[in-house]
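Asker: Once you've had a glance at the structure underneath, I'll fire off some questions.
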Amino acid sequence: MNRPIYFDNNATTAVEQSVLDRMIPYFTMEYGNPSNTSHVFGWAADEAVQIAREQMANLLGADPQGLVFTSGATEAINHVIKGLGKGRTSGHIITAATEHKAVLNACEELESQGIETTYLPVDQNGQISVEQVKAALRDDTFLVTVMWANNETGVIQPIKELGLLLKNHPAYLFTDATQSIGKVPISVENVDFLALSAHKFYGPKGVGAVYIRPGKPVIVLPQLLHGGAQERGRRASTLNVPGIVGLGAAAEVASACLESGYREMKAQRDRFESSLLASFPDILINGGDVDRLPQTSNITFKGIRAAEMMAEIGRIAVSTGSACTTGSGKPSHVLSAMGLSPDEAAGTVRFSMGRHTSVEEVNEALDLLCAYAARNQPVSI
Ligand SMILES: Cc1ncc(COP(=O)(O)O)c(C=O)c1O
């Protein structure tokens, strides 16, 4: 049977073959423990980890010493938010209503300690403004946490401008850049912390990193996991060497094809959206008026149950607006925050294309969607 068309790259991506090739020897030949400095197996593994750290840092314009490898973005996010909140019984965090649940739930967890959170509302395109953050800042605000780009809509937030705003305030700026790595240029220039996950940019699952700005003034975060002295004492546990090698290799590939990938994916997405508009004239392209990731189309098909439409079509793997984040069947909190009604959210599909999405796949998806539209035209009497 023909494999379905994969338009769910914001959920996860395939591991790039060249990335897998680089990882394999670290399972079978170079399987040393990088903490073991007494023989060549340990040295080889340690060298591979340091190369990966540099590859990842290059993509972010970061000092490699600022990176700590984790099991993914969720761990990185929990480390920063709960780490900064540890031991506090008061204080204030600013975030946005459309953040990933890892951020929202970590903030909620701190509220039980007495910390307050402001969840900024977004505009109809899903963006917050610098002015909103400025107005919400308080003397006791210790953290502003805003994602670089949204996982459901691809909408990009004004991170650089927030960084400039916070130059005059002691609050830290943290960005969850999980969806933007490898899709748009990312820099840590204006942020104190950043979270990422390899499987969103053609690396393996189960590995990610947190960037913690090194240098002065020194940022003190409690140790993430207690035990050995790995990651300069920040996170104990034997390093996932093959995974880390894969993360670094994926970052290197992403650096090399960032510009061409952006252009090609955006051209595919724009063609996809304009062809859809021809068949479904009253679709909404959520976030369509602002800067967004080049391969994410979040589309509301008015009057249509998206899950039913995609089930009937069958061949296109996507996420639908009622279950993007939790599989709970509740309307997506992102779409609700953007002002969509529960019915509109239920009519929404996230199509997330990828680096390897072909013209033929886009054409086939369009044919299937347009045929569905033709079968389901409202009948005029
Ligand atoms: C924006 C964003 N943040 C965080 C995460 C969590 O990443 P992981 O599951 O790799 O920990 C995801 C995954 O969907 C995401 O899209």
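Naming scheme: A, B, ... for chains in displayed order of the structure tokens; residues 1 onward per chain; ligands 1 onward as shown.
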Could you give me, as a list in words, each residue of segment 155-216 of chain A that DSSP assigns to strand (DSSP E or B) when run on this structure's backbone?

Answerer: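 In segment 155-216 of chain A, DSSP puts these residues in strand (DSSP E or B): Val155, Ile156, Tyr172, Leu173, Phe174, Thr175, Asp176, Phe193, Leu194, Ala195, Leu196, Ser197, Gly208, Ala209, Val210, Tyr211 and Ile212 of chain A.
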
Asker: Could you write out that same residue set with C-alpha atoms as a PDB file, in the first residue's frame?

Answerer:
```pdb
ATOM      1  CA  VAL A 155       3.358  32.343  13.919  1.00  0.00           C
ATOM      2  CA  ILE A 156       6.596  34.043  14.938  1.00  0.00           C
ATOM      3  CA  TYR A 172      15.228  36.902  32.189  1.00  0.00           C
ATOM      4  CA  LEU A 173      14.004  36.174  28.669  1.00  0.00           C
ATOM      5  CA  PHE A 174      13.421  32.529  27.763  1.00  0.00           C
ATOM      6  CA  THR A 175      12.290  31.344  24.361  1.00  0.00           C
ATOM      7  CA  ASP A 176      11.006  27.922  23.385  1.00  0.00           C
ATOM      8  CA  PHE A 193      17.612  30.808  27.776  1.00  0.00           C
ATOM      9  CA  LEU A 194      16.446  28.787  24.784  1.00  0.00           C
ATOM     10  CA  ALA A 195      14.963  25.282  24.484  1.00  0.00           C
ATOM     11  CA  LEU A 196      15.114  22.917  21.499  1.00  0.00           C
ATOM     12  CA  SER A 197      14.480  19.303  20.496  1.00  0.00           C
ATOM     13  CA  GLY A 208      17.466  18.188  22.946  1.00  0.00           C
ATOM     14  CA  ALA A 209      19.256  21.016  24.647  1.00  0.00           C
ATOM     15  CA  VAL A 210      18.834  24.032  26.817  1.00  0.00           C
ATOM     16  CA  TYR A 211      20.917  27.132  26.224  1.00  0.00           C
ATOM     17  CA  ILE A 212      21.784  29.012  29.385  1.00  0.00           C
TER      18      ILE A 212
END
```

Asker: Could you list, as a VMD selection string, all protein and nucleic acid residues with an atom at most 10 Å from ligand 1, counting only C-alpha atoms and all ligand atoms?

Answerer: chain A and resid 9 to 12 70 to 78 98 to 103 147 to 152 154 175 to 180 195 to 200 204 to 209 324 to 325

Asker: The selected residues should be written to file as a short mmCIF file (atom, residue, chain, number, x, y, z; two decimals), in the first residue's frame (atoms: N, CA and C atoms).

Answerer:
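Result file is selection-v8.cif:
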```cif
data_model
loop_
_atom_site.label_atom_id
_atom_site.label_comp_id
_atom_site.auth_asym_id
_atom_site.auth_seq_id
_atom_site.Cartn_x
_atom_site.Cartn_y
_atom_site.Cartn_z
N ASN A 9 4.99 17.45 9.96
CA ASN A 9 6.39 17.64 10.36
C ASN A 9 6.56 18.51 11.60
N ASN A 10 5.49 19.22 12.02
CA ASN A 10 5.63 19.96 13.28
C ASN A 10 5.46 19.01 14.47
N ALA A 11 4.87 17.83 14.22
CA ALA A 11 4.78 16.84 15.29
C ALA A 11 6.13 16.16 15.47
N THR A 12 6.69 15.72 14.36
CA THR A 12 8.04 15.16 14.37
C THR A 12 8.50 14.99 12.93
N THR A 70 19.82 17.66 26.89
CA THR A 70 18.70 17.14 27.69
C THR A 70 18.02 16.02 26.89
N SER A 71 16.88 15.56 27.41
CA SER A 71 16.14 14.51 26.68
C SER A 71 15.18 15.12 25.67
N GLY A 72 15.11 16.43 25.59
CA GLY A 72 14.20 17.07 24.63
C GLY A 72 13.83 18.45 25.12
N ALA A 73 12.88 19.08 24.42
CA ALA A 73 12.51 20.44 24.78
C ALA A 73 11.72 20.49 26.09
N THR A 74 10.88 19.50 26.32
CA THR A 74 10.07 19.52 27.54
C THR A 74 10.96 19.58 28.78
N GLU A 75 12.01 18.77 28.77
CA GLU A 75 12.93 18.78 29.91
C GLU A 75 13.63 20.13 30.02
N ALA A 76 14.04 20.67 28.88
CA ALA A 76 14.73 21.96 28.86
C ALA A 76 13.83 23.05 29.43
N ILE A 77 12.57 23.03 29.02
CA ILE A 77 11.60 24.05 29.46
C ILE A 77 11.36 23.93 30.97
N ASN A 78 11.16 22.69 31.42
CA ASN A 78 10.93 22.47 32.86
C ASN A 78 12.13 22.91 33.67
N THR A 98 -0.74 31.30 24.12
CA THR A 98 -0.60 30.30 23.06
C THR A 98 0.67 29.46 23.19
N GLU A 99 1.32 29.53 24.33
CA GLU A 99 2.55 28.73 24.51
C GLU A 99 2.24 27.23 24.49
N HIS A 100 3.27 26.45 24.30
CA HIS A 100 3.14 24.99 24.39
C HIS A 100 2.80 24.61 25.83
N LYS A 101 2.12 23.49 25.98
CA LYS A 101 1.70 23.06 27.32
C LYS A 101 2.88 22.85 28.27
N ALA A 102 4.03 22.55 27.73
CA ALA A 102 5.20 22.37 28.62
C ALA A 102 5.48 23.66 29.37
N VAL A 103 5.32 24.80 28.70
CA VAL A 103 5.54 26.10 29.34
C VAL A 103 4.36 26.43 30.25
N MET A 147 7.46 31.81 23.19
CA MET A 147 8.01 30.91 22.18
C MET A 147 8.47 31.68 20.94
N TRP A 148 9.46 31.12 20.23
CA TRP A 148 9.91 31.79 19.01
C TRP A 148 8.83 31.67 17.93
N ALA A 149 8.35 30.43 17.73
CA ALA A 149 7.29 30.22 16.73
C ALA A 149 6.32 29.18 17.27
N ASN A 150 5.06 29.37 16.93
CA ASN A 150 4.03 28.49 17.46
C ASN A 150 3.95 27.16 16.71
N ASN A 151 3.74 26.09 17.46
CA ASN A 151 3.70 24.75 16.86
C ASN A 151 2.46 24.52 16.00
N GLU A 152 1.35 25.19 16.32
CA GLU A 152 0.12 24.95 15.54
C GLU A 152 0.01 25.86 14.32
N GLY A 154 2.62 28.27 13.39
CA GLY A 154 3.91 28.72 12.85
C GLY A 154 4.16 30.20 13.07
N THR A 175 13.11 31.66 25.53
CA THR A 175 12.29 31.34 24.36
C THR A 175 12.32 29.85 24.06
N ASP A 176 11.13 29.31 23.83
CA ASP A 176 11.01 27.92 23.38
C ASP A 176 11.11 27.96 21.86
N ALA A 177 12.29 27.57 21.36
CA ALA A 177 12.55 27.68 19.91
C ALA A 177 12.38 26.32 19.23
N THR A 178 11.66 25.41 19.88
CA THR A 178 11.55 24.03 19.38
C THR A 178 11.08 23.96 17.92
N GLN A 179 10.12 24.81 17.56
CA GLN A 179 9.58 24.70 16.20
C GLN A 179 10.37 25.51 15.17
N SER A 180 11.20 26.40 15.62
CA SER A 180 11.84 27.30 14.64
C SER A 180 13.21 26.84 14.17
N ALA A 195 15.19 26.74 24.45
CA ALA A 195 14.96 25.28 24.48
C ALA A 195 14.79 24.76 23.07
N LEU A 196 15.26 23.53 22.83
CA LEU A 196 15.11 22.92 21.50
C LEU A 196 15.07 21.39 21.62
N SER A 197 14.64 20.76 20.53
CA SER A 197 14.48 19.30 20.50
C SER A 197 14.90 18.79 19.12
N ALA A 198 15.77 17.78 19.07
CA ALA A 198 16.36 17.34 17.79
C ALA A 198 15.33 16.79 16.81
N HIS A 199 14.28 16.12 17.33
CA HIS A 199 13.38 15.42 16.40
C HIS A 199 12.49 16.36 15.59
N LYS A 200 12.55 17.66 15.91
CA LYS A 200 11.75 18.60 15.11
C LYS A 200 12.55 19.10 13.91
N PRO A 204 17.25 12.74 15.94
CA PRO A 204 16.53 11.66 16.63
C PRO A 204 15.62 12.17 17.76
N LYS A 205 14.69 11.34 18.15
CA LYS A 205 13.84 11.65 19.31
C LYS A 205 14.63 11.41 20.60
N GLY A 206 14.18 12.06 21.66
CA GLY A 206 14.77 11.80 22.97
C GLY A 206 16.05 12.57 23.25
N VAL A 207 16.33 13.58 22.46
CA VAL A 207 17.50 14.41 22.74
C VAL A 207 17.19 15.85 22.36
N GLY A 208 17.67 16.76 23.18
CA GLY A 208 17.47 18.19 22.95
C GLY A 208 18.52 18.96 23.71
N ALA A 209 18.28 20.22 23.90
CA ALA A 209 19.26 21.02 24.65
C ALA A 209 18.58 22.23 25.24
N CYS A 324 -4.81 19.24 18.66
CA CYS A 324 -3.40 19.48 18.36
C CYS A 324 -2.48 19.22 19.54
N THR A 325 -2.90 19.63 20.72
CA THR A 325 -1.95 19.57 21.81
C THR A 325 -2.08 18.34 22.69
#
```

Asker: Which residue out of A:Ala135, A:Met353, A:Leu165, A:Ala345 has the minimum interatomic distance to Gln268 of chain A when only C-alpha atoms are used?

Answerer: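 The shortest atom-to-atom distance to Gln268 of chain A comes from A:Met353.
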
Asker: Could you pull the residues within 10 Å of Ala374 of chain A, counting only C-alpha atoms, minus those fewer than 4 positions along the same chain, as a PDB file with N, CA and C atoms, in the first residue's frame?

Answerer:
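This is the output file result-v2.pdb:
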```
ATOM      1  N   SER A 279     -10.485  26.481  -4.262  1.00  0.00           N
ATOM      2  CA  SER A 279     -11.551  25.484  -4.091  1.00  0.00           C
ATOM      3  C   SER A 279     -12.439  25.741  -2.892  1.00  0.00           C
ATOM      4  N   PHE A 280     -11.832  26.323  -1.859  1.00  0.00           N
ATOM      5  CA  PHE A 280     -12.599  26.593  -0.632  1.00  0.00           C
ATOM      6  C   PHE A 280     -12.483  28.108  -0.377  1.00  0.00           C
ATOM      7  N   LEU A 368      -6.864  15.737  -3.697  1.00  0.00           N
ATOM      8  CA  LEU A 368      -7.775  15.050  -2.774  1.00  0.00           C
ATOM      9  C   LEU A 368      -8.667  16.051  -2.040  1.00  0.00           C
ATOM     10  N   LEU A 369      -8.070  17.152  -1.603  1.00  0.00           N
ATOM     11  CA  LEU A 369      -8.848  18.159  -0.860  1.00  0.00           C
ATOM     12  C   LEU A 369      -9.864  18.832  -1.788  1.00  0.00           C
ATOM     13  N   CYS A 370      -9.434  19.124  -3.001  1.00  0.00           N
ATOM     14  CA  CYS A 370     -10.332  19.820  -3.929  1.00  0.00           C
ATOM     15  C   CYS A 370     -11.474  18.897  -4.354  1.00  0.00           C
ATOM     16  N   PRO A 378     -22.142  23.180  -0.955  1.00  0.00           N
ATOM     17  CA  PRO A 378     -23.533  23.380  -0.523  1.00  0.00           C
ATOM     18  C   PRO A 378     -24.463  23.402  -1.737  1.00  0.00           C
TER      19      PRO A 378
END
```

Asker: Just checking: using only C-alpha atoms, which residue out of A:Leu60, A:Ile304, A:Ala311, A:Val40 ends up closest to Asn190 of chain A?

Answerer: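 Looking at the shortest contact to Asn190 of chain A, the residue is A:Leu60.
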
Asker: Kindly indicate which residue among A:Ser187, A:Gly339, A:Gly347, A:Ser275 lies nearest to Lys302 of chain A, using only C-alpha atoms for the distances.

Answerer: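 The closest residue to Lys302 of chain A is A:Gly347.
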
Asker: Would you pick out the contacts of Val253 of chain A at 9 Å or less, using only C-alpha atoms, so that residues sharing its chain but fewer than 6 positions from it are not included, and give the list as a tab-separated table (two decimals) with C-alpha atoms, in the first residue's frame?

Answerer:
```tsv
chain	number	residue	atom	x	y	z
A	16	GLU	CA	17.83	12.55	7.89
A	18	SER	CA	23.09	11.42	6.66
A	19	VAL	CA	22.32	12.12	10.34
A	182	GLY	CA	16.16	24.66	11.05
A	202	TYR	CA	15.49	15.81	11.30
```

Asker: How would you write, as a list of chain:residue names, the set of residues in segment 190-239 of chain A that DSSP gives as helix (DSSP H, G or I)?

Answerer: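 Matching residues for helix (DSSP H, G or I) in segment 190-239 of chain A are A:Ala198, A:His199, A:Lys200, A:Glu231, A:Arg232, A:Gly233.
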
Asker: Would you pick out the contacts of Thr89 of chain A at 10 Å or less, using only C-alpha atoms, so that residues sharing its chain but fewer than 4 positions from it are not included, and give the list as an MDAnalysis selection string?

Answerer: chainID A and resid 85 110:116

Asker: Name all residues at most 10 Å from segment 340-343 of chain A (count only C-alpha atoms; drop same-chain ones fewer than 3 positions away) and give them as a list of chain:residue names.

Answerer: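 Contacts, in chain order: A:Gln124, A:Asn286, A:Thr300, A:Phe301, A:Lys302, A:Gly303, A:Ile304, A:Arg305, A:Ala306, A:Gly321, A:Ser322, A:Lys330, A:Pro331, A:Ser332, A:His333, A:Val334, A:Leu335, A:Ser336, A:Ala337, A:Ala346, A:Gly347, A:Thr348.
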
Asker: I need the chosen residues saved as a PDB file, in the first residue's frame, with C-alpha atoms.

Answerer:
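And here is the file that came out, result-v1.pdb:
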```pdb
ATOM      1  CA  GLN A 124      -6.257  37.403  15.904  1.00  0.00           C
ATOM      2  CA  ASN A 286      -4.712  31.340  10.695  1.00  0.00           C
ATOM      3  CA  THR A 300      -9.955  26.618   9.104  1.00  0.00           C
ATOM      4  CA  PHE A 301     -12.500  25.076   6.733  1.00  0.00           C
ATOM      5  CA  LYS A 302     -15.724  26.786   7.743  1.00  0.00           C
ATOM      6  CA  GLY A 303     -18.707  24.507   8.254  1.00  0.00           C
ATOM      7  CA  ILE A 304     -16.570  21.367   7.931  1.00  0.00           C
ATOM      8  CA  ARG A 305     -15.566  18.865  10.620  1.00  0.00           C
ATOM      9  CA  ALA A 306     -11.862  18.638   9.922  1.00  0.00           C
ATOM     10  CA  GLY A 321      -7.520  21.732  15.436  1.00  0.00           C
ATOM     11  CA  SER A 322      -9.509  19.927  18.055  1.00  0.00           C
ATOM     12  CA  LYS A 330     -11.060  19.846  23.326  1.00  0.00           C
ATOM     13  CA  PRO A 331     -10.601  22.865  21.051  1.00  0.00           C
ATOM     14  CA  SER A 332      -6.985  23.865  20.734  1.00  0.00           C
ATOM     15  CA  HIS A 333      -6.037  26.515  23.322  1.00  0.00           C
ATOM     16  CA  VAL A 334      -4.004  28.270  20.617  1.00  0.00           C
ATOM     17  CA  LEU A 335      -6.943  28.646  18.235  1.00  0.00           C
ATOM     18  CA  SER A 336      -9.282  29.612  21.080  1.00  0.00           C
ATOM     19  CA  ALA A 337      -6.835  32.326  22.177  1.00  0.00           C
ATOM     20  CA  ALA A 346     -13.078  21.743  14.963  1.00  0.00           C
ATOM     21  CA  GLY A 347     -12.856  22.738  11.307  1.00  0.00           C
ATOM     22  CA  THR A 348      -9.135  23.436  11.472  1.00  0.00           C
TER      23      THR A 348
END
```

Asker: Could you tell me how far atom CA of Asp270 of chain A lies from atom CA of Gly288 of chain A, in Å and to one decimal?

Answerer: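 These atoms are spaced 10.3 Å apart.
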
Asker: Pick from A:Arg234, A:Lys86, A:His226, A:Arg292: nearest to Val184 of chain A, with only C-alpha atoms counted?

Answerer: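 Smallest distance to Val184 of chain A is found for A:Arg292.
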